[in-house]
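Everything below concerns the one structure shown next.
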Amino acid sequence: MGGKPLAGAKKGFPRWTRREFIAHLGAYGAVFPLFGMVGGKASSRQQLTEASPEAPYKLTLYDESLLDEYEQACCLYFWEQGNPNTGLVKDRSTPSEFDDYTIASIAATGFGLTALCIADKRGFIPKGAVVDRVGATLKFLAREMYNQRGFFYHFVDINTGERAFDCEVSSIDTGLLLCGVLMCKQYFADAQIRSLATEIFDRADWLWMLDRGRTLSHGWTPEHGFLPYRWNTYCELMLIYLLGIGSHTHAIPANTWDAWWRPIFEYRGLRYIGSYAPLFVHQYSHAWFDFREKRDRYANYFDNSVLATKAHRLFCMSLHNRFPDFSDSLWGVTASDSVDGYTWWGGPPPVGTIDGTLVPCAPAGSLPFLPRETLLVLHTMRRRFGKKLWKRYAFQDAFNPLKDWYNLEVVGINTGIGVLMAENLRSGFVWETFMKNPEAQAGMALTGFHPEQQPSEPQSNPGPLAAELR
């Protein structure tokens, strides 16, 4: 996620930045909000059936064994690839305890702080060591690392925290970091951790990040000021609005929740709020915020992600003639590495030049939404591709069976979404712990979330983007 190519990306590979991608596709989607529709509009009865399984899936011992190995290996990534002095976590790494990468991302660090809570809960790492690492991380973030009004640079040097790639001070990546900070605040009964976490969160000036607009800016640079892009169309943005609205010190108005656009997509009888972007946009906010059995005036966003994941699964299966490996037991494409470098791809509708590459974190990040279907994929990947795909930190970032290509690296944020959602499926631990934060509770209360009495259709809203294009 972000405005610069990730470390390790191949030079010359054509790509838009994260900001440009959203700007182009957001404008296109405002004109054709149902682009990519296949089949007719689903009836309310069809949608309720699709969004609400008849009975919860019960994990088998086979499932538990896989998920336990998966979580332990993912947590090892955040332990070994985090600097013990700064706590910053590498943006990417080889599956080895030792490599020469020096670029960290604050988003990976936020996932890593949460993964350390999981590692402590599960006993993967000795408790005293985890507490020391978390304390060192929060102390560095609070007292030593540069921030602009409480927001951090997207990519930084892992040893010093200095800015890398001339990148932006990022609102979304800071939000992912702050979710990890608040997770640690609630989980650890340590006065210093709680004090530092409060200091870091309360410093974030969300009003400043609005930049006098109705929606949050993507970020800021010292050279050019605020970026020209805004978080104005449904995607992973929910977490930054809820954090900003729930802030006790620099809160943004609650009506900013209504200012971003929620376009309705349809695919093979499934109707849901969506975005022209990879599957992770339906996952990231759900890693910490618990949207189960709740809705605002527009949707039950948990059920919405169930539908989006079902649509993605059907989309991948529709590509079977092009990519014979794609099937009901082998699917999943989201932003990832490829044979040509880091890229954005997914669907429906098709985004990017899909070439048969599969991305394990796509099904892993949707584990709570479709347990049966996603676990089948993870079991298949582990069993069929074995040591080519599964290494020190569990699954490599991506692979292409047709080209016999297996990525040599692991990407921190992709590893992070998988381990958090695996634990949420197993125990709800991240949801239950994070939602104890008053800031999270305030954000959801002020935006009108309430228990859902009866499932209903998702509702669109025009948002400022659509108004600007008319």
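Residue names in the structure tokens use chain letters A, B, ... in the order shown, residue numbers from 1 in each chain, and ligand numbers from 1 in the order shown.
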Quick one: everything within 10 Å of Gly161 of chain A, counting only C-alpha atoms, minus sequence neighbours fewer than 3 positions away in the same chain. Send it as a PyMOL selection string.
chain A and resi 86-88+103-106+140-141+144-146+152-153+155-158+164
If you keep C-alpha atoms, can you produce a file of those selected residues as a compact mmCIF listing (two decimals), in the first residue's frame?
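Output contents, as saved in out08.txt:
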```txt
# COMPACT_ATOMS: atom_id res chain seq x y z
CA THR A 86 13.17 0.24 17.19
CA GLY A 87 10.47 -2.43 16.86
CA LEU A 88 9.99 -1.46 13.21
CA ILE A 103 13.22 -0.89 4.66
CA ALA A 104 10.42 -1.12 7.19
CA SER A 105 6.80 -0.09 6.76
CA ILE A 106 4.63 1.36 9.48
CA PHE A 140 10.63 4.54 19.79
CA LEU A 141 7.37 5.58 18.10
CA GLU A 144 12.29 9.11 18.76
CA MET A 145 10.62 8.51 15.39
CA TYR A 146 9.67 11.54 13.29
CA PHE A 152 4.25 8.72 10.24
CA TYR A 153 6.13 8.22 7.00
CA PHE A 155 8.41 3.58 4.51
CA VAL A 156 11.34 4.11 6.87
CA ASP A 157 14.78 2.75 7.66
CA ILE A 158 14.36 -0.14 10.07
CA ALA A 164 12.76 6.15 2.73
```
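Of all the residues in segment 304-384 of chain A, the ones DSSP labels as strand (DSSP E or B) from the backbone are Ser327, Leu330, Ser336, Asp337, Ser338, Gly341, Tyr342, Thr343, Gly346, Val351 and Leu358 of chain A.
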Might you pull out every residue within 7 Å of segment 433-440 of chain A, with only C-alpha atoms counted and same-chain residues fewer than 5 positions away left off, and present them as a PDB file with C-alpha atoms, in the first residue's frame?
```pdb
ATOM      1  CA  LEU A 182      -4.389   0.250  20.542  1.00  0.00           C
ATOM      2  CA  MET A 183      -4.375  -3.561  20.481  1.00  0.00           C
ATOM      3  CA  GLN A 186      -5.703  -3.253  25.780  1.00  0.00           C
ATOM      4  CA  TYR A 187      -3.881  -6.571  25.847  1.00  0.00           C
ATOM      5  CA  LEU A 242     -13.584   5.160  12.851  1.00  0.00           C
ATOM      6  CA  LEU A 243     -10.261   5.983  14.530  1.00  0.00           C
ATOM      7  CA  GLY A 246     -13.407   8.096  17.960  1.00  0.00           C
ATOM      8  CA  SER A 247     -10.388  10.229  18.899  1.00  0.00           C
ATOM      9  CA  TRP A 288      -9.483  -5.159  14.237  1.00  0.00           C
ATOM     10  CA  PHE A 289     -12.996  -3.689  14.147  1.00  0.00           C
TER      11      PHE A 289
END
```
Do you know which residues are at most 8 Å from segment 358-373 of chain A counting only C-alpha atoms, after dropping those on the same chain fewer than 6 positions away, and could you put them as a compact mmCIF listing (two decimals) with C-alpha atoms, in the first residue's frame?
```
# COMPACT_ATOMS: atom_id res chain seq x y z
CA TYR A 57 -18.51 -23.88 10.31
CA LEU A 279 -9.74 -8.32 -2.22
CA PHE A 280 -7.83 -6.88 0.75
CA GLN A 283 -10.46 -7.36 4.83
CA PHE A 302 -19.22 -8.13 7.75
CA ASP A 303 -21.93 -9.71 5.62
CA SER A 305 -17.36 -8.85 2.95
CA VAL A 306 -18.85 -12.34 2.92
CA THR A 309 -15.41 -12.90 -0.97
CA LYS A 310 -18.01 -15.19 -2.56
CA ASP A 328 -13.12 -24.27 -6.00
CA SER A 329 -10.14 -25.55 -4.01
CA TRP A 331 -8.34 -19.53 -5.85
CA GLY A 332 -7.43 -16.11 -4.53
CA VAL A 333 -5.84 -13.01 -6.11
CA THR A 334 -5.07 -9.76 -4.31
CA SER A 336 0.97 -9.10 -4.26
CA MET A 381 -1.95 -25.03 -1.21
CA PHE A 395 3.25 -19.35 2.68
CA GLN A 396 5.44 -17.29 0.39
CA ASP A 397 3.73 -14.15 -0.85
CA ALA A 398 2.56 -15.50 -4.24
CA PHE A 399 3.11 -18.27 -6.78
CA ASN A 400 2.17 -19.19 -10.33
CA ASN A 414 0.10 -9.82 3.47
CA THR A 415 1.52 -12.00 6.23
CA ILE A 417 -3.72 -9.88 7.42
CA GLY A 418 -3.53 -13.67 7.28
CA VAL A 419 -2.42 -14.24 10.87
CA LEU A 420 -4.89 -11.72 12.33
CA MET A 421 -7.85 -13.18 10.47
CA ALA A 422 -6.80 -16.73 11.29
CA ASN A 424 -10.20 -14.06 14.65
CA LEU A 425 -11.68 -17.18 13.07
```
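Closest approach to Thr380 of chain A among A:Tyr77, A:Phe326, A:Phe226, A:Tyr267 is made by A:Phe326 (distances from only C-alpha atoms).
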Residues within 6 Å of Trp261 of chain A, only C-alpha atoms, excluding chain neighbours under 2 positions, as a list in words
Asn232, Thr233, Tyr234, Asn461, Pro462 and Gly463 of chain A
Counting only C-alpha atoms, figure out which residue out of A:Pro263, A:Ser96, A:Ser217, A:Trp79 gets nearest to Thr114 of chain A.
A:Trp79
For each of A:His312, A:His320, A:Arg262, A:His248, take the minimum atom-to-atom distance to Trp231 of chain A, counting only C-alpha atoms, then give the residue where this is smallest.
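Closest to Trp231 of chain A of all the choices is A:Arg262.
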What's the 12 Å shell around Phe98 of chain A, counting only C-alpha atoms, without same-chain residues fewer than 2 positions away, as number ranges by chain?
A: 77, 80-83, 90, 93-96, 100-102, 392
Please produce a file of the residues just selected, as a PDB file, in the first residue's frame, where the atoms kept are C-alpha atoms.
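Dumped everything to part23.pdb:
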```
ATOM      1  CA  TYR A  77       8.167 -13.267  10.740  1.00  0.00           C
ATOM      2  CA  GLU A  80      12.597 -12.057  13.515  1.00  0.00           C
ATOM      3  CA  GLN A  81      12.078  -9.299  10.954  1.00  0.00           C
ATOM      4  CA  GLY A  82      11.401  -6.616  13.550  1.00  0.00           C
ATOM      5  CA  ASN A  83      14.329  -4.563  14.796  1.00  0.00           C
ATOM      6  CA  LYS A  90      10.545  -5.009   7.492  1.00  0.00           C
ATOM      7  CA  SER A  93      11.981 -10.264   3.655  1.00  0.00           C
ATOM      8  CA  THR A  94      13.344 -13.545   2.393  1.00  0.00           C
ATOM      9  CA  PRO A  95      12.287 -16.627   4.396  1.00  0.00           C
ATOM     10  CA  SER A  96      15.426 -16.414   6.493  1.00  0.00           C
ATOM     11  CA  ASP A 100      20.112  -7.345   4.146  1.00  0.00           C
ATOM     12  CA  TYR A 101      16.783  -5.559   3.671  1.00  0.00           C
ATOM     13  CA  THR A 102      16.601  -2.340   5.681  1.00  0.00           C
ATOM     14  CA  ARG A 392       9.996 -20.471   7.375  1.00  0.00           C
TER      15      ARG A 392
END
```
Which neighbours of Val181 of chain A fall inside 8 Å, counting only C-alpha atoms, when residues of the same chain fewer than 3 positions from it are skipped, and could you give them as JSON, numbers by chain?
{"A": [110, 113, 114, 138, 177, 178, 184, 185, 197, 200, 201]}
For the structure I just gave you, how does DSSP split segment 252-383 of chain A - specifically, which residues are alpha helix (DSSP H)? Reply as number ranges by chain.
A: 301-317, 361-364, 371-383
Would you mind exporting N, CA and C atoms of the selected residues as a compact mmCIF listing (two decimals), in the first residue's frame?
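New file selection-v2.txt:
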```
# COMPACT_ATOMS: atom_id res chain seq x y z
N TYR A 301 -21.37 -4.58 7.30
CA TYR A 301 -20.14 -4.67 6.51
C TYR A 301 -19.47 -6.03 6.61
N PHE A 302 -19.74 -6.76 7.67
CA PHE A 302 -19.22 -8.13 7.75
C PHE A 302 -19.90 -8.99 6.69
N ASP A 303 -21.22 -8.95 6.64
CA ASP A 303 -21.93 -9.71 5.62
C ASP A 303 -21.56 -9.21 4.22
N ASN A 304 -21.30 -7.92 4.10
CA ASN A 304 -20.87 -7.38 2.82
C ASN A 304 -19.55 -8.01 2.36
N SER A 305 -18.63 -8.21 3.30
CA SER A 305 -17.36 -8.85 2.95
C SER A 305 -17.54 -10.33 2.65
N VAL A 306 -18.52 -10.96 3.28
CA VAL A 306 -18.85 -12.34 2.92
C VAL A 306 -19.25 -12.40 1.45
N LEU A 307 -20.13 -11.50 1.05
CA LEU A 307 -20.59 -11.48 -0.34
C LEU A 307 -19.45 -11.15 -1.30
N ALA A 308 -18.62 -10.19 -0.93
CA ALA A 308 -17.49 -9.82 -1.80
C ALA A 308 -16.53 -10.98 -1.96
N THR A 309 -16.30 -11.74 -0.89
CA THR A 309 -15.41 -12.90 -0.97
C THR A 309 -16.03 -14.00 -1.83
N LYS A 310 -17.33 -14.21 -1.70
CA LYS A 310 -18.01 -15.19 -2.56
C LYS A 310 -17.91 -14.78 -4.03
N ALA A 311 -18.09 -13.49 -4.29
CA ALA A 311 -17.99 -13.02 -5.67
C ALA A 311 -16.57 -13.23 -6.21
N HIS A 312 -15.57 -12.96 -5.37
CA HIS A 312 -14.19 -13.16 -5.80
C HIS A 312 -13.90 -14.63 -6.09
N ARG A 313 -14.40 -15.50 -5.25
CA ARG A 313 -14.22 -16.94 -5.46
C ARG A 313 -14.83 -17.36 -6.79
N LEU A 314 -16.06 -16.92 -7.06
CA LEU A 314 -16.72 -17.26 -8.33
C LEU A 314 -15.96 -16.67 -9.51
N PHE A 315 -15.46 -15.46 -9.34
CA PHE A 315 -14.68 -14.82 -10.39
C PHE A 315 -13.43 -15.65 -10.72
N CYS A 316 -12.71 -16.07 -9.70
CA CYS A 316 -11.51 -16.89 -9.93
C CYS A 316 -11.87 -18.21 -10.62
N MET A 317 -12.95 -18.83 -10.19
CA MET A 317 -13.35 -20.09 -10.80
C MET A 317 -13.75 -19.91 -12.26
N CYS A 361 -2.59 -15.02 0.82
CA CYS A 361 -3.24 -14.14 1.80
C CYS A 361 -4.63 -13.72 1.35
N ALA A 362 -4.99 -13.93 0.09
CA ALA A 362 -6.34 -13.61 -0.35
C ALA A 362 -7.37 -14.49 0.36
N PRO A 363 -7.26 -15.82 0.30
CA PRO A 363 -8.17 -16.64 1.11
C PRO A 363 -7.90 -16.53 2.60
N ALA A 364 -6.64 -16.41 3.02
CA ALA A 364 -6.33 -16.32 4.45
C ALA A 364 -6.95 -15.08 5.08
N PRO A 371 -15.20 -19.61 6.11
CA PRO A 371 -14.24 -20.56 6.70
C PRO A 371 -14.07 -21.84 5.89
N ARG A 372 -15.16 -22.45 5.52
CA ARG A 372 -15.08 -23.74 4.82
C ARG A 372 -14.31 -23.60 3.50
N GLU A 373 -14.68 -22.60 2.71
CA GLU A 373 -14.09 -22.45 1.39
C GLU A 373 -12.63 -22.00 1.46
N THR A 374 -12.32 -21.09 2.35
CA THR A 374 -10.95 -20.59 2.44
C THR A 374 -10.01 -21.63 3.05
N LEU A 375 -10.48 -22.38 4.02
CA LEU A 375 -9.64 -23.43 4.60
C LEU A 375 -9.34 -24.51 3.57
N LEU A 376 -10.31 -24.82 2.73
CA LEU A 376 -10.06 -25.80 1.67
C LEU A 376 -8.90 -25.33 0.79
N VAL A 377 -8.87 -24.05 0.46
CA VAL A 377 -7.79 -23.52 -0.37
C VAL A 377 -6.45 -23.61 0.35
N LEU A 378 -6.41 -23.21 1.61
CA LEU A 378 -5.14 -23.24 2.35
C LEU A 378 -4.63 -24.67 2.52
N HIS A 379 -5.52 -25.59 2.81
CA HIS A 379 -5.11 -27.00 2.88
C HIS A 379 -4.55 -27.47 1.54
N THR A 380 -5.23 -27.11 0.45
CA THR A 380 -4.80 -27.53 -0.87
C THR A 380 -3.43 -26.96 -1.21
N MET A 381 -3.24 -25.67 -0.93
CA MET A 381 -1.95 -25.03 -1.21
C MET A 381 -0.82 -25.71 -0.43
N ARG A 382 -1.07 -25.97 0.84
CA ARG A 382 -0.02 -26.57 1.68
C ARG A 382 0.29 -28.00 1.20
N ARG A 383 -0.76 -28.76 0.91
CA ARG A 383 -0.57 -30.17 0.55
C ARG A 383 0.01 -30.32 -0.86
```
